[in-house]
Structure formats: C-alpha cells, structure tokens
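Data block for my_file_16.csv (CSV, C-alpha atoms (C1' of nucleotides) and all ligand atoms):
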```
chain,number,residue,atom,x,y,z
Q,1,MET,CA,0.0,0.0,0.0
Q,2,LEU,CA,2.4,2.7,1.2
Q,3,SER,CA,6.1,2.2,1.3
Q,4,ASN,CA,7.9,2.0,4.6
Q,5,SER,CA,9.5,5.4,3.8
Q,6,SER,CA,6.1,7.0,3.4
Q,7,LYS,CA,4.8,5.5,6.6
Q,8,TYR,CA,7.9,6.7,8.5
Q,9,ALA,CA,7.5,10.2,7.0
Q,10,ILE,CA,3.9,10.4,8.1
Q,11,LYS,CA,4.8,9.4,11.6
Q,12,ALA,CA,7.5,11.9,11.7
Q,13,VAL,CA,5.3,14.7,10.4
Q,14,LEU,CA,2.6,13.9,12.9
Q,15,PHE,CA,5.1,13.8,15.7
Q,16,LEU,CA,6.4,17.2,14.7
Q,17,ALA,CA,2.9,18.6,14.4
Q,18,LEU,CA,2.2,17.5,18.0
Q,19,ASN,CA,5.6,18.4,19.5
Q,20,SER,CA,7.1,21.3,17.7
Q,21,SER,CA,6.6,24.9,16.7
Q,22,GLU,CA,8.7,27.6,15.2
Q,23,LYS,CA,10.1,28.5,18.6
Q,24,ASN,CA,10.4,24.9,19.6
Q,25,LYS,CA,12.3,23.0,17.0
Q,26,VAL,CA,13.0,19.3,17.3
Q,27,MET,CA,16.2,17.6,16.1
Q,28,ALA,CA,16.3,14.5,14.0
Q,29,LYS,CA,17.8,12.5,16.8
Q,30,ASP,CA,14.9,13.5,19.1
Q,31,ILE,CA,12.3,12.4,16.5
Q,32,SER,CA,14.0,9.2,15.8
Q,33,GLN,CA,13.4,7.4,19.1
Q,34,PRO,CA,9.8,8.2,19.8
Q,35,ILE,CA,8.7,7.2,16.3
Q,36,ASN,CA,11.0,4.2,16.2
Q,37,VAL,CA,12.8,5.0,13.0
Q,38,PRO,CA,16.6,5.2,12.7
Q,39,GLN,CA,18.0,8.7,12.9
Q,40,ALA,CA,19.9,8.8,9.6
Q,41,TYR,CA,16.9,7.4,7.8
Q,42,ILE,CA,14.3,9.8,9.2
Q,43,ALA,CA,16.7,12.7,8.7
Q,44,LYS,CA,16.9,11.9,5.0
Q,45,LEU,CA,13.2,11.6,4.6
Q,46,LEU,CA,12.6,14.9,6.4
Q,47,GLN,CA,15.1,16.6,4.1
Q,48,GLU,CA,13.0,15.6,1.1
Q,49,LEU,CA,9.9,17.0,2.8
Q,50,VAL,CA,11.7,20.3,3.6
Q,51,LYS,CA,12.7,20.6,0.0
Q,52,GLU,CA,9.0,20.4,-0.9
Q,53,LYS,CA,8.0,22.8,1.9
Q,54,ILE,CA,6.0,20.3,3.7
Q,55,VAL,CA,8.2,20.6,6.7
Q,56,SER,CA,10.2,23.6,8.0
Q,57,SER,CA,13.7,23.5,9.3
Q,58,VAL,CA,16.7,25.7,10.2
Q,59,ARG,CA,20.2,24.4,10.6
Q,60,GLY,CA,22.9,25.1,12.9
Q,61,ALA,CA,22.9,25.6,16.7
Q,62,LYS,CA,19.3,25.8,18.1
Q,63,GLY,CA,18.1,24.5,14.8
Q,64,GLY,CA,15.9,21.6,14.0
Q,65,PHE,CA,12.6,20.6,12.3
Q,66,TYR,CA,9.2,22.0,12.9
Q,67,LEU,CA,5.9,22.7,11.3
Q,68,ASP,CA,4.3,26.1,10.8
Q,69,ASP,CA,0.7,26.8,10.1
Q,70,LYS,CA,1.2,26.5,6.4
Q,71,ASN,CA,2.8,23.2,6.7
Q,72,LEU,CA,0.0,21.9,8.8
Q,73,ASN,CA,-2.5,22.4,6.0
Q,74,HIS,CA,-0.8,20.0,3.6
Q,75,SER,CA,-2.6,16.8,2.8
Q,76,ILE,CA,-1.4,13.4,3.8
Q,77,MET,CA,-1.3,12.6,0.1
Q,78,SER,CA,1.3,15.4,-0.4
Q,79,ILE,CA,3.6,13.5,1.9
Q,80,VAL,CA,3.1,10.3,0.1
Q,81,ASN,CA,3.6,11.9,-3.3
Q,82,VAL,CA,7.0,13.4,-2.2
Q,83,ILE,CA,8.3,10.1,-0.9
Q,84,ASP,CA,6.7,7.5,-3.1
Q,85,GLY,CA,5.9,9.4,-6.2
Q,86,GLU,CA,2.5,9.9,-7.8
Q,87,LYS,CA,1.7,6.6,-9.4
Q,88,ARG,CA,2.2,4.1,-6.6
Q,89,LEU,CA,-1.4,4.3,-5.6
Q,90,ASN,CA,-3.3,4.6,-8.8
Q,91,SER,CA,-1.7,2.2,-11.2
Q,92,CYS,CA,-3.7,-0.7,-12.5
Q,93,MET,CA,-4.1,-3.5,-10.0
Q,94,MET,CA,-3.5,-6.1,-12.7
Q,95,SER,CA,-0.5,-4.2,-14.1
Q,96,LEU,CA,-2.1,-3.2,-17.4
Q,97,LYS,CA,-0.4,-0.3,-19.0
Q,98,LYS,CA,-2.7,2.1,-17.3
Q,99,CYS,CA,-5.8,1.9,-15.2
Q,100,ASN,CA,-8.5,2.5,-17.7
Q,101,GLU,CA,-12.1,3.4,-16.9
Q,102,GLU,CA,-13.3,2.5,-20.4
Q,103,LYS,CA,-11.7,-0.9,-20.6
Q,104,PRO,CA,-11.4,-1.8,-16.9
Q,105,CYS,CA,-9.6,-5.0,-15.9
Q,106,PRO,CA,-11.5,-7.5,-13.8
Q,107,LEU,CA,-10.1,-6.2,-10.5
Q,108,HIS,CA,-11.0,-2.6,-11.4
Q,109,SER,CA,-14.7,-3.4,-11.3
Q,110,ILE,CA,-14.5,-4.8,-7.8
Q,111,LEU,CA,-11.8,-2.7,-6.2
Q,112,SER,CA,-11.7,0.8,-7.7
Q,113,THR,CA,-14.5,2.3,-5.7
Q,114,SER,CA,-12.7,1.4,-2.4
Q,115,ARG,CA,-9.4,2.5,-3.8
Q,116,SER,CA,-10.9,5.9,-4.8
Q,117,GLN,CA,-12.2,6.3,-1.3
Q,118,ILE,CA,-8.7,5.8,0.1
Q,119,LEU,CA,-7.2,8.2,-2.4
Q,120,ASN,CA,-9.8,10.8,-1.6
Q,121,SER,CA,-9.3,10.5,2.1
Q,122,LEU,CA,-5.5,10.9,1.7
Q,123,LYS,CA,-6.1,13.9,-0.5
Q,124,SER,CA,-8.6,15.7,1.6
Q,125,LYS,CA,-7.2,15.0,5.1
Q,126,THR,CA,-4.6,17.4,6.2
Q,127,ILE,CA,-1.9,17.0,8.8
Q,128,LYS,CA,-3.9,19.2,11.0
Q,129,ASP,CA,-7.0,17.0,10.7
Q,130,LEU,CA,-5.1,14.0,11.9
Q,131,VAL,CA,-3.6,15.9,14.7
Q,132,GLU,CA,-7.0,16.8,15.9
Q,133,GLU,CA,-8.0,13.2,15.9
Q,134,VAL,CA,-5.1,12.4,18.2
Q,135,GLU,CA,-5.9,15.4,20.5
Q,136,LEU,CA,-9.5,14.3,20.7
Q,137,GLY,CA,-8.3,10.8,21.8
Q,138,ASN,CA,-9.8,9.2,18.7
Q,139,ALA,CA,-6.5,8.0,17.4
Q,140,PHE,CA,-3.2,7.1,18.9
Q,141,LEU,CA,0.5,7.3,18.2
Q,142,PRO,CA,2.5,4.6,20.0
Q,143,LEU,CA,5.9,3.7,18.5
V,144,MET,CA,-1.0,-2.3,-3.1
V,145,LEU,CA,-0.2,-5.6,-4.7
V,146,SER,CA,3.3,-6.6,-5.8
V,147,ASN,CA,4.2,-6.9,-9.4
V,148,SER,CA,4.5,-10.6,-8.9
V,149,SER,CA,0.9,-10.9,-7.6
V,150,LYS,CA,-0.4,-8.8,-10.4
V,151,TYR,CA,1.4,-11.0,-12.9
V,152,ALA,CA,0.1,-14.1,-11.2
V,153,ILE,CA,-3.5,-13.0,-11.4
V,154,LYS,CA,-3.1,-12.1,-15.0
V,155,ALA,CA,-1.7,-15.5,-15.8
V,156,VAL,CA,-4.4,-17.4,-13.8
V,157,LEU,CA,-7.1,-15.5,-15.5
V,158,PHE,CA,-5.5,-16.2,-18.9
V,159,LEU,CA,-5.5,-19.8,-18.0
V,160,ALA,CA,-9.1,-19.8,-16.9
V,161,LEU,CA,-10.1,-18.4,-20.2
V,162,ASN,CA,-7.8,-20.3,-22.5
V,163,SER,CA,-7.1,-23.7,-21.0
V,164,SER,CA,-8.6,-26.9,-19.7
V,165,GLU,CA,-7.4,-30.3,-18.6
V,166,LYS,CA,-7.4,-31.4,-22.3
V,167,ASN,CA,-6.0,-28.1,-23.5
V,168,LYS,CA,-2.9,-27.3,-21.5
V,169,VAL,CA,-0.9,-24.1,-22.1
V,170,MET,CA,2.8,-23.8,-21.9
V,171,ALA,CA,4.6,-21.1,-20.0
V,172,LYS,CA,5.9,-19.6,-23.2
V,173,ASP,CA,2.5,-19.3,-24.7
V,174,ILE,CA,1.2,-17.5,-21.6
V,175,SER,CA,4.1,-15.2,-21.4
V,176,GLN,CA,3.4,-13.2,-24.5
V,177,PRO,CA,-0.3,-12.5,-24.3
V,178,ILE,CA,0.0,-11.3,-20.7
V,179,ASN,CA,3.2,-9.4,-21.4
V,180,VAL,CA,5.3,-11.0,-18.7
V,181,PRO,CA,8.7,-12.6,-19.3
V,182,GLN,CA,8.5,-16.4,-19.7
V,183,ALA,CA,11.0,-17.4,-17.0
V,184,TYR,CA,9.3,-15.1,-14.6
V,185,ILE,CA,5.8,-16.3,-15.1
V,186,ALA,CA,6.9,-19.9,-15.1
V,187,LYS,CA,8.4,-19.4,-11.6
V,188,LEU,CA,5.3,-17.8,-10.3
V,189,LEU,CA,3.1,-20.5,-11.8
V,190,GLN,CA,5.2,-23.1,-10.1
V,191,GLU,CA,4.5,-21.6,-6.7
V,192,LEU,CA,0.8,-21.6,-7.5
V,193,VAL,CA,0.9,-25.2,-8.6
V,194,LYS,CA,2.6,-26.1,-5.3
V,195,GLU,CA,-0.4,-24.6,-3.5
V,196,LYS,CA,-2.9,-26.3,-5.9
V,197,ILE,CA,-4.2,-23.1,-7.2
V,198,VAL,CA,-3.1,-24.0,-10.7
V,199,SER,CA,-2.7,-27.5,-12.3
V,200,SER,CA,0.1,-28.7,-14.4
V,201,VAL,CA,1.7,-31.8,-16.0
V,202,ARG,CA,5.2,-31.8,-17.2
V,203,GLY,CA,6.8,-33.4,-20.2
V,204,ALA,CA,5.7,-33.6,-23.8
V,205,LYS,CA,2.1,-32.4,-24.3
V,206,GLY,CA,2.3,-30.9,-20.8
V,207,GLY,CA,1.6,-27.4,-19.6
V,208,PHE,CA,-0.5,-25.5,-17.2
V,209,TYR,CA,-4.3,-25.5,-16.9
V,210,LEU,CA,-7.1,-24.9,-14.4
V,211,ASP,CA,-9.6,-27.5,-13.4
V,212,ASP,CA,-13.0,-26.8,-11.8
V,213,LYS,CA,-11.5,-27.0,-8.3
V,214,ASN,CA,-8.8,-24.4,-9.2
V,215,LEU,CA,-11.5,-22.1,-10.6
V,216,ASN,CA,-13.1,-21.8,-7.2
V,217,HIS,CA,-10.1,-20.4,-5.4
V,218,SER,CA,-10.3,-16.8,-4.4
V,219,ILE,CA,-8.2,-14.0,-5.7
V,220,MET,CA,-6.9,-13.5,-2.2
V,221,SER,CA,-5.5,-17.0,-2.2
V,222,ILE,CA,-3.3,-16.1,-5.2
V,223,VAL,CA,-2.1,-13.0,-3.5
V,224,ASN,CA,-1.4,-14.8,-0.3
V,225,VAL,CA,0.8,-17.4,-2.0
V,226,ILE,CA,2.8,-14.8,-3.9
V,227,ASP,CA,3.0,-11.9,-1.4
V,228,GLY,CA,2.3,-13.5,1.9
V,229,GLU,CA,-0.5,-12.8,4.3
V,230,LYS,CA,0.5,-9.6,5.9
V,231,ARG,CA,1.2,-7.3,3.0
V,232,LEU,CA,-2.4,-6.0,2.9
V,233,ASN,CA,-3.3,-5.8,6.5
V,234,SER,CA,-0.3,-4.3,8.3
V,235,CYS,CA,-0.7,-0.9,9.9
V,236,MET,CA,-0.6,1.9,7.4
V,237,MET,CA,1.6,4.0,9.7
V,238,SER,CA,3.9,1.0,10.5
V,239,LEU,CA,2.9,0.6,14.1
V,240,LYS,CA,3.8,-2.8,15.3
V,241,LYS,CA,0.4,-4.1,14.4
V,242,CYS,CA,-2.8,-2.7,13.1
V,243,ASN,CA,-4.8,-2.3,16.3
V,244,GLU,CA,-8.5,-1.7,16.5
V,245,GLU,CA,-8.4,-0.6,20.1
V,246,LYS,CA,-5.6,1.9,19.7
V,247,PRO,CA,-5.9,2.8,16.0
V,248,CYS,CA,-3.4,5.1,14.4
V,249,PRO,CA,-4.7,8.3,12.7
V,250,LEU,CA,-4.8,6.7,9.3
V,251,HIS,CA,-6.7,3.7,10.6
V,252,SER,CA,-9.7,5.8,11.4
V,253,ILE,CA,-9.9,7.2,7.9
V,254,LEU,CA,-8.8,4.3,5.8
V,255,SER,CA,-9.6,1.0,7.4
V,256,THR,CA,-13.1,0.8,6.2
V,257,SER,CA,-12.1,1.1,2.6
V,258,ARG,CA,-9.3,-1.3,3.1
V,259,SER,CA,-11.6,-3.9,4.6
V,260,GLN,CA,-13.8,-3.6,1.6
V,261,ILE,CA,-10.9,-4.4,-0.6
V,262,LEU,CA,-9.8,-7.3,1.4
V,263,ASN,CA,-13.3,-8.7,1.5
V,264,SER,CA,-13.7,-8.4,-2.2
V,265,LEU,CA,-10.4,-10.2,-2.8
V,266,LYS,CA,-11.5,-12.9,-0.4
V,267,SER,CA,-14.9,-13.4,-1.7
V,268,LYS,CA,-14.3,-13.2,-5.5
V,269,THR,CA,-13.2,-16.4,-7.1
V,270,ILE,CA,-11.3,-16.8,-10.3
V,271,LYS,CA,-14.5,-18.0,-11.8
V,272,ASP,CA,-16.3,-14.9,-10.8
V,273,LEU,CA,-13.8,-12.7,-12.6
V,274,VAL,CA,-13.8,-14.8,-15.7
V,275,GLU,CA,-17.6,-14.4,-15.9
V,276,GLU,CA,-17.1,-10.6,-15.8
V,277,VAL,CA,-14.8,-10.9,-18.8
V,278,GLU,CA,-17.2,-13.2,-20.6
V,279,LEU,CA,-20.0,-10.8,-20.0
V,280,GLY,CA,-18.0,-8.0,-21.5
V,281,ASN,CA,-17.9,-6.1,-18.2
V,282,ALA,CA,-14.2,-6.4,-17.9
V,283,PHE,CA,-11.2,-6.7,-20.2
V,284,LEU,CA,-7.9,-8.3,-20.4
V,285,PRO,CA,-5.5,-6.4,-22.8
V,286,LEU,CA,-1.8,-6.9,-22.3
R,287,DT,C1',13.6,-48.1,-25.0
R,288,DC,C1',15.1,-43.5,-26.7
R,289,DC,C1',14.3,-39.1,-27.8
R,290,DT,C1',12.0,-34.9,-27.2
R,291,DA,C1',9.2,-31.7,-24.8
R,292,DA,C1',7.8,-29.4,-20.9
R,293,DA,C1',7.6,-28.3,-15.9
R,294,DT,C1',10.5,-28.1,-11.7
R,295,DA,C1',14.3,-26.9,-8.6
R,296,DT,C1',17.8,-24.1,-7.9
R,297,DG,C1',20.3,-20.3,-8.0
R,298,DA,C1',22.5,-16.1,-10.4
R,299,DT,C1',21.9,-11.4,-11.7
R,300,DT,C1',19.8,-6.9,-11.7
R,301,DT,C1',17.0,-3.3,-9.9
R,302,DT,C1',14.7,-1.1,-6.3
R,303,DT,C1',14.1,0.0,-1.6
R,304,DA,C1',15.8,0.5,2.8
R,305,DT,C1',19.5,1.7,5.7
R,306,DC,C1',23.8,3.7,7.3
R,307,DA,C1',27.8,7.1,7.2
R,308,DT,C1',30.2,11.4,6.5
R,309,DA,C1',32.0,15.7,4.8
R,310,DT,C1',29.9,20.3,4.0
R,311,DT,C1',27.2,24.4,5.1
R,312,DA,C1',24.5,27.4,7.9
R,313,DT,C1',23.2,29.3,12.5
R,314,DA,C1',23.7,30.8,17.2
R,315,DT,C1',26.4,31.7,21.2
R,316,DT,C1',30.7,33.1,23.3
K,317,DA,C1',35.9,35.9,15.0
K,318,DA,C1',35.9,31.2,16.9
K,319,DT,C1',33.4,27.4,18.3
K,320,DA,C1',29.9,24.2,18.7
K,321,DT,C1',25.7,22.6,16.7
K,322,DA,C1',22.5,20.8,13.6
K,323,DA,C1',20.6,20.4,8.9
K,324,DT,C1',22.1,19.3,4.0
K,325,DA,C1',24.2,16.9,0.2
K,326,DT,C1',26.1,13.1,-1.2
K,327,DG,C1',27.0,8.6,-1.6
K,328,DA,C1',28.0,3.8,0.4
K,329,DT,C1',26.1,-0.5,1.9
K,330,DA,C1',22.5,-4.0,2.9
K,331,DA,C1',18.2,-6.2,2.0
K,332,DA,C1',14.4,-7.3,-0.7
K,333,DA,C1',12.0,-7.6,-5.0
K,334,DA,C1',12.2,-8.5,-9.8
K,335,DT,C1',14.2,-10.7,-13.5
K,336,DC,C1',17.0,-14.1,-16.0
K,337,DA,C1',19.4,-18.7,-16.7
K,338,DT,C1',20.0,-23.6,-16.5
K,339,DA,C1',20.5,-28.3,-15.1
K,340,DT,C1',17.1,-31.9,-13.6
K,341,DT,C1',13.0,-34.5,-13.7
K,342,DT,C1',8.8,-36.4,-15.8
K,343,DA,C1',5.6,-37.6,-19.5
K,344,DG,C1',4.5,-38.8,-24.3
K,345,DG,C1',5.5,-40.5,-28.8
K,346,DA,C1',8.6,-42.9,-32.2
P,401,LIG,S1,-7.3,-1.3,-11.8
P,401,LIG,FE1,-7.0,-2.4,-13.7
P,401,LIG,S2,-7.9,-1.1,-15.1
P,401,LIG,FE2,-8.2,0.0,-13.3
P,402,LIG,S1,-3.8,1.0,10.1
P,402,LIG,FE1,-2.6,1.8,11.8
P,402,LIG,S2,-3.6,0.9,13.5
P,402,LIG,FE2,-4.8,0.1,11.8
```

For this file, produce the structure as structure tokens.
Ligand code: FES
Ligand code: FES
Amino acid sequence: MLSNSSKYAIKAVLFLALNSSEKNKVMAKDISQPINVPQAYIAKLLQELVKEKIVSSVRGAKGGFYLDDKNLNHSIMSIVNVIDGEKRLNSCMMSLKKCNEEKPCPLHSILSTSRSQILNSLKSKTIKDLVEEVELGNAFLPL
Amino acid sequence: MLSNSSKYAIKAVLFLALNSSEKNKVMAKDISQPINVPQAYIAKLLQELVKEKIVSSVRGAKGGFYLDDKNLNHSIMSIVNVIDGEKRLNSCMMSLKKCNEEKPCPLHSILSTSRSQILNSLKSKTIKDLVEEVELGNAFLPL
DNA sequence: TCCTAAATATGATTTTTATCATATTATATT
DNA sequence: AATATAATATGATAAAAATCATATTTAGGA
C-alpha cells in the first residue's frame, strides 16, 4: 500500500505537528526514538519534505525541524507523493499499461471504488486534521 | 498495493481460466506473450501456485498449465497470499507494530473501512467470478 | 527403450528500496 | 571571529523484489 518510507514520513510529520513549533524545533535525533525509526533514515526523509516545503527547518545551533501553520495544512497525500511518487497508488491493480475506466480490468470493477475512497481521504485529510483526531483521543501514536 | 508478482500471477491465472482446460494445456511460453510477462518469470510464479494447488500442471511432452474446476473456485486472495504472503495487505498503514482496532493510528480511522472492503472483495471473489465478468464483457484483459 | 518436450528446482543477476555514514554548510552563542 | 551545533548533500552498503538462466525430472511418442 504505502512504502515504509512514506509510513515513516507520516509518523515523523505527525510527531512534529504535535511536538514542535517555530520556537520549539526538534532535532532529527529526538524524533528518531519516539517514532522508532533510525535517525539517519528519518533525517533523510525529512530533508526531502523540507525541499517540498511540507516541513520547515533551520540548521545550525538551536536548529531543528518544525511545522508552521502553512505546513499543517498540507494533505497526507502530499507527503506520500513526495516520498513514493504519484503513481504508486493509482496504477492498474493487474498491471495493465494504465488503469483505464473505459476498458477496466476484472479487478478494477470490484476494487476501484474502495481505492478511490482511500485516495480521496488521503487527498482531503490534512496533517492538522489527523492531529485533531489524536488530540481528541480518537487516534493514537504509539511507536 | 499488490506486488508486481501478484499482479502477474493474477493475469496468468485469468488467462489460463479463459484459455485452458485439462485437455488443452498451455505452456509457459504461450502464456508469457499475451499477458506481457517474461517467460522465466511467469513460469516461476506459476510453479508456486501449482505447489499450492491453485493451478494444475503436467510436465513433459504435451504438458503445460491449466485450471480445473476446483482451481477455478479459489479466491483472488489465495493467489495474493501465495505470492505476497498474508501480511502485505493488513499491516498498519503507519507502520505501528500491528494494526490495532483498540488503539488505532490516525490513518486507521480514515482508511480502514475502505481497506476492509478491498480485502473482503479479494477474499470473496473467485477466479471463476472474474472470468464471468470478462465473458459478459464487463471487464477486459488487454496486455 | 530413446528421444523430445515441458515443468521443476535451484540459483545467479539486476534493480529497487531501505538503511547507514560522513563531509559540508549554515546558525547561534561566546 | 571562533566554536559548537544541527541540517544538508552526497554517496556507500544492505536487504528485498524483480528478472534471468540452466540443469534436472517427468511424460509422451517414435
Ligand atoms: S485497476 Fe486495472 S484497469 Fe483499473
Ligand atoms: S492502520 Fe494503523 S492501526 Fe490500523
């Protein structure tokens, strides 16, 4: 479904959303442990997100990663797109050249509605939305 | 979502369902081209399916692969399970240790219903079901 | 019984994904 | 300005997935 890297990235972003701010930056090494992803690995992923302006950062002493209000309004899909690329989730499930509505493969008929729901959720839900779920106690973030 | 291998395997099985029978076996090399998967690759995948009795085969002259009535009643999920293993589709989408209904991650809340629908379809739909869709002209099998 | 055809077992190679490591650059503090 | 700190750029290594290759086994036909 999602790559490991995307999953890690989402965890890290949510962690930042909950535990950082412009005046309270968090270093890679302090993200690594609570989300259970190796430091060098999460650092690299965060760098890609910074490049796409989904995460903010400043380097040097007192530096670190954080999310500002603009960052918080990005969709979950935008994270996945940066890390996994656009086509991972919408290619044909039977590996036809392309997923084709006019000439759907047999799996298309039975799976594409559910898949669209997933894609739509990922597109419409923002980081902020998920954070709210956690704050309301409807969702959890262990490891 | 599904691995390449699983997608290839499903294509091959559907091709066999439509073009083979006990008295009309099809060789790996004659499956390879129409489904657009390299011969050595599809042969290996089919061997795994034979081992799990999802596909039938006989070797030697006049041999080849085919599906019998029993084979046709296997679910699509059974193919995926043989090729990808059981946990590819139901692990936590944020890579928590396990997908946990009691302490769901933020993605769980928004995605798990759709994912369950996908899993249920894959479990309930048999090879025969999909073949019927193709025969009715509701689904297609190019490349 | 031989010969040929085809799957099977096995494993090698390539590509992609995941993971680790480090030298460089930018920032704050002294 | 000098130093320490932390991200960044870059690339190396490891593991997994995808792909390719081949010797062995089994079945049919001459
Ligand atoms: S998923 Fe195969 S055509 Fe859409
Ligand atoms: S998908 Fe994360 S807990 Fe179910």

Show me which bits of chain R are within 7 Å of chain Q, counting all atoms listed in the file, as a CSV table (one decimal) with C-alpha atoms (C1' of nucleotides), in the frame of the given file.
```csv
chain,number,residue,atom,x,y,z
R,305,DT,C1',19.5,1.7,5.7
R,306,DC,C1',23.8,3.7,7.3
R,312,DA,C1',24.5,27.4,7.9
R,313,DT,C1',23.2,29.3,12.5
R,314,DA,C1',23.7,30.8,17.2
```

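For ligand LIG 401 (chain P), the set of protein, DNA and RNA residues within 7 Å, based on all atoms listed in the file, reads Ser91, Cys92, Met93, Met94, Ser95, Leu96, Lys98, Cys99, Asn100, Glu101, Lys103, Pro104, Cys105, Pro106, Leu107, His108 and Ser112 of chain Q.
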
Is it possible to get the superposed chain V, fitted on chain Q over all Cα pairs by sequence order, as a tab-separated table (two decimals) with C-alpha atoms, in the frame of the given file?
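Below is the file superposed_3.tsv, written as the result:
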```tsv
chain	number	residue	atom	x	y	z
V	144	MET	CA	-0.09	0.05	0.03
V	145	LEU	CA	2.28	2.73	1.20
V	146	SER	CA	6.05	2.28	1.31
V	147	ASN	CA	7.89	2.04	4.54
V	148	SER	CA	9.42	5.37	3.79
V	149	SER	CA	5.99	7.07	3.44
V	150	LYS	CA	4.76	5.48	6.58
V	151	TYR	CA	7.83	6.72	8.42
V	152	ALA	CA	7.41	10.16	6.94
V	153	ILE	CA	3.84	10.49	8.11
V	154	LYS	CA	4.78	9.33	11.54
V	155	ALA	CA	7.51	11.91	11.77
V	156	VAL	CA	5.31	14.78	10.43
V	157	LEU	CA	2.63	13.96	12.86
V	158	PHE	CA	5.19	13.84	15.70
V	159	LEU	CA	6.31	17.21	14.64
V	160	ALA	CA	2.83	18.62	14.49
V	161	LEU	CA	2.25	17.54	18.01
V	162	ASN	CA	5.60	18.32	19.54
V	163	SER	CA	7.12	21.27	17.73
V	164	SER	CA	6.66	24.86	16.69
V	165	GLU	CA	8.73	27.61	15.14
V	166	LYS	CA	10.09	28.44	18.66
V	167	ASN	CA	10.40	24.81	19.63
V	168	LYS	CA	12.35	22.99	16.95
V	169	VAL	CA	13.08	19.25	17.19
V	170	MET	CA	16.21	17.59	16.07
V	171	ALA	CA	16.31	14.50	13.92
V	172	LYS	CA	17.72	12.47	16.76
V	173	ASP	CA	14.96	13.40	19.09
V	174	ILE	CA	12.33	12.38	16.52
V	175	SER	CA	14.00	9.17	15.71
V	176	GLN	CA	13.41	7.43	18.99
V	177	PRO	CA	9.80	8.19	19.78
V	178	ILE	CA	8.70	7.14	16.29
V	179	ASN	CA	11.01	4.14	16.25
V	180	VAL	CA	12.79	4.96	13.02
V	181	PRO	CA	16.57	5.13	12.65
V	182	GLN	CA	17.93	8.70	12.89
V	183	ALA	CA	19.84	8.81	9.59
V	184	TYR	CA	16.85	7.44	7.83
V	185	ILE	CA	14.31	9.85	9.14
V	186	ALA	CA	16.65	12.77	8.67
V	187	LYS	CA	16.90	11.91	4.93
V	188	LEU	CA	13.20	11.66	4.55
V	189	LEU	CA	12.64	14.91	6.42
V	190	GLN	CA	15.06	16.61	4.10
V	191	GLU	CA	13.00	15.65	1.08
V	192	LEU	CA	9.91	17.01	2.80
V	193	VAL	CA	11.64	20.25	3.64
V	194	LYS	CA	12.65	20.60	-0.03
V	195	GLU	CA	8.95	20.43	-0.92
V	196	LYS	CA	7.98	22.83	1.95
V	197	ILE	CA	5.95	20.30	3.70
V	198	VAL	CA	8.16	20.54	6.75
V	199	SER	CA	10.25	23.55	8.01
V	200	SER	CA	13.73	23.50	9.26
V	201	VAL	CA	16.73	25.69	10.23
V	202	ARG	CA	20.15	24.31	10.50
V	203	GLY	CA	22.95	25.04	12.90
V	204	ALA	CA	22.97	25.46	16.64
V	205	LYS	CA	19.44	25.69	18.11
V	206	GLY	CA	18.15	24.40	14.76
V	207	GLY	CA	15.91	21.48	13.97
V	208	PHE	CA	12.71	20.63	12.29
V	209	TYR	CA	9.25	22.08	12.96
V	210	LEU	CA	5.89	22.70	11.30
V	211	ASP	CA	4.38	26.10	10.83
V	212	ASP	CA	0.68	26.81	10.19
V	213	LYS	CA	1.20	26.60	6.42
V	214	ASN	CA	2.85	23.14	6.74
V	215	LEU	CA	-0.06	21.96	8.90
V	216	ASN	CA	-2.47	22.45	6.04
V	217	HIS	CA	-0.78	20.11	3.61
V	218	SER	CA	-2.57	16.91	2.89
V	219	ILE	CA	-1.43	13.46	3.76
V	220	MET	CA	-1.35	12.68	0.07
V	221	SER	CA	1.21	15.39	-0.47
V	222	ILE	CA	3.60	13.58	1.91
V	223	VAL	CA	3.07	10.35	0.13
V	224	ASN	CA	3.55	11.90	-3.23
V	225	VAL	CA	6.92	13.39	-2.29
V	226	ILE	CA	8.21	10.14	-0.83
V	227	ASP	CA	6.65	7.51	-3.14
V	228	GLY	CA	5.79	9.41	-6.23
V	229	GLU	CA	2.42	9.94	-7.80
V	230	LYS	CA	1.69	6.68	-9.43
V	231	ARG	CA	2.19	4.15	-6.68
V	232	LEU	CA	-1.48	4.30	-5.60
V	233	ASN	CA	-3.27	4.63	-8.84
V	234	SER	CA	-1.63	2.20	-11.26
V	235	CYS	CA	-3.68	-0.72	-12.52
V	236	MET	CA	-4.00	-3.47	-9.98
V	237	MET	CA	-3.42	-6.13	-12.65
V	238	SER	CA	-0.45	-4.18	-14.17
V	239	LEU	CA	-2.11	-3.26	-17.41
V	240	LYS	CA	-0.34	-0.40	-18.98
V	241	LYS	CA	-2.64	2.04	-17.32
V	242	CYS	CA	-5.69	1.89	-15.17
V	243	ASN	CA	-8.44	2.43	-17.73
V	244	GLU	CA	-12.01	3.29	-16.95
V	245	GLU	CA	-13.26	2.41	-20.39
V	246	LYS	CA	-11.60	-0.98	-20.58
V	247	PRO	CA	-11.26	-1.88	-16.89
V	248	CYS	CA	-9.49	-5.03	-15.86
V	249	PRO	CA	-11.42	-7.58	-13.71
V	250	LEU	CA	-10.04	-6.23	-10.49
V	251	HIS	CA	-10.93	-2.68	-11.42
V	252	SER	CA	-14.60	-3.45	-11.32
V	253	ILE	CA	-14.41	-4.84	-7.81
V	254	LEU	CA	-11.80	-2.67	-6.22
V	255	SER	CA	-11.68	0.76	-7.74
V	256	THR	CA	-14.41	2.21	-5.69
V	257	SER	CA	-12.71	1.38	-2.46
V	258	ARG	CA	-9.44	2.56	-3.78
V	259	SER	CA	-10.89	5.91	-4.78
V	260	GLN	CA	-12.20	6.31	-1.31
V	261	ILE	CA	-8.75	5.85	0.03
V	262	LEU	CA	-7.19	8.22	-2.33
V	263	ASN	CA	-9.81	10.84	-1.61
V	264	SER	CA	-9.33	10.53	2.08
V	265	LEU	CA	-5.56	10.92	1.72
V	266	LYS	CA	-6.13	13.95	-0.46
V	267	SER	CA	-8.64	15.63	1.64
V	268	LYS	CA	-7.21	15.04	5.16
V	269	THR	CA	-4.61	17.50	6.26
V	270	ILE	CA	-1.95	17.00	8.84
V	271	LYS	CA	-3.97	19.24	11.04
V	272	ASP	CA	-6.99	17.10	10.70
V	273	LEU	CA	-5.13	14.04	11.92
V	274	VAL	CA	-3.55	15.83	14.80
V	275	GLU	CA	-7.03	16.88	15.98
V	276	GLU	CA	-8.04	13.18	15.96
V	277	VAL	CA	-5.12	12.45	18.25
V	278	GLU	CA	-5.92	15.39	20.48
V	279	LEU	CA	-9.48	14.26	20.74
V	280	GLY	CA	-8.37	10.84	21.83
V	281	ASN	CA	-9.84	9.21	18.72
V	282	ALA	CA	-6.51	8.10	17.47
V	283	PHE	CA	-3.13	7.14	18.91
V	284	LEU	CA	0.46	7.36	18.18
V	285	PRO	CA	2.49	4.58	19.98
V	286	LEU	CA	5.85	3.67	18.53
```

>> With all atoms listed in the file as the counted atoms, please give the residues lying no more than 9 Å from range 223-233 of chain V, apart from itself and same-chain residues fewer than 2 positions off, as a VMD selection string.
In response: (chain Q and resid 1) or (chain V and resid 144 to 146 148 to 150 152 to 153 188 191 to 192 195 219 to 221 235 to 236 241 to 242 258 to 259 262 265)

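Within a radius of 7 Å around (-2.6, -30.6, -14.7), the polymer residues are Glu165, Ser199, Ser200, Val201, Phe208 and Tyr209 of chain V, counting all atoms listed in the file.
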
> Thr269 in chain V: which residues within 7 Å, counting only C-alpha atoms (C1' of nucleotides), same-chain residues fewer than 2 positions away excluded, as a ChimeraX atom specification?
Replying inline: /V:215-219,267,271-273
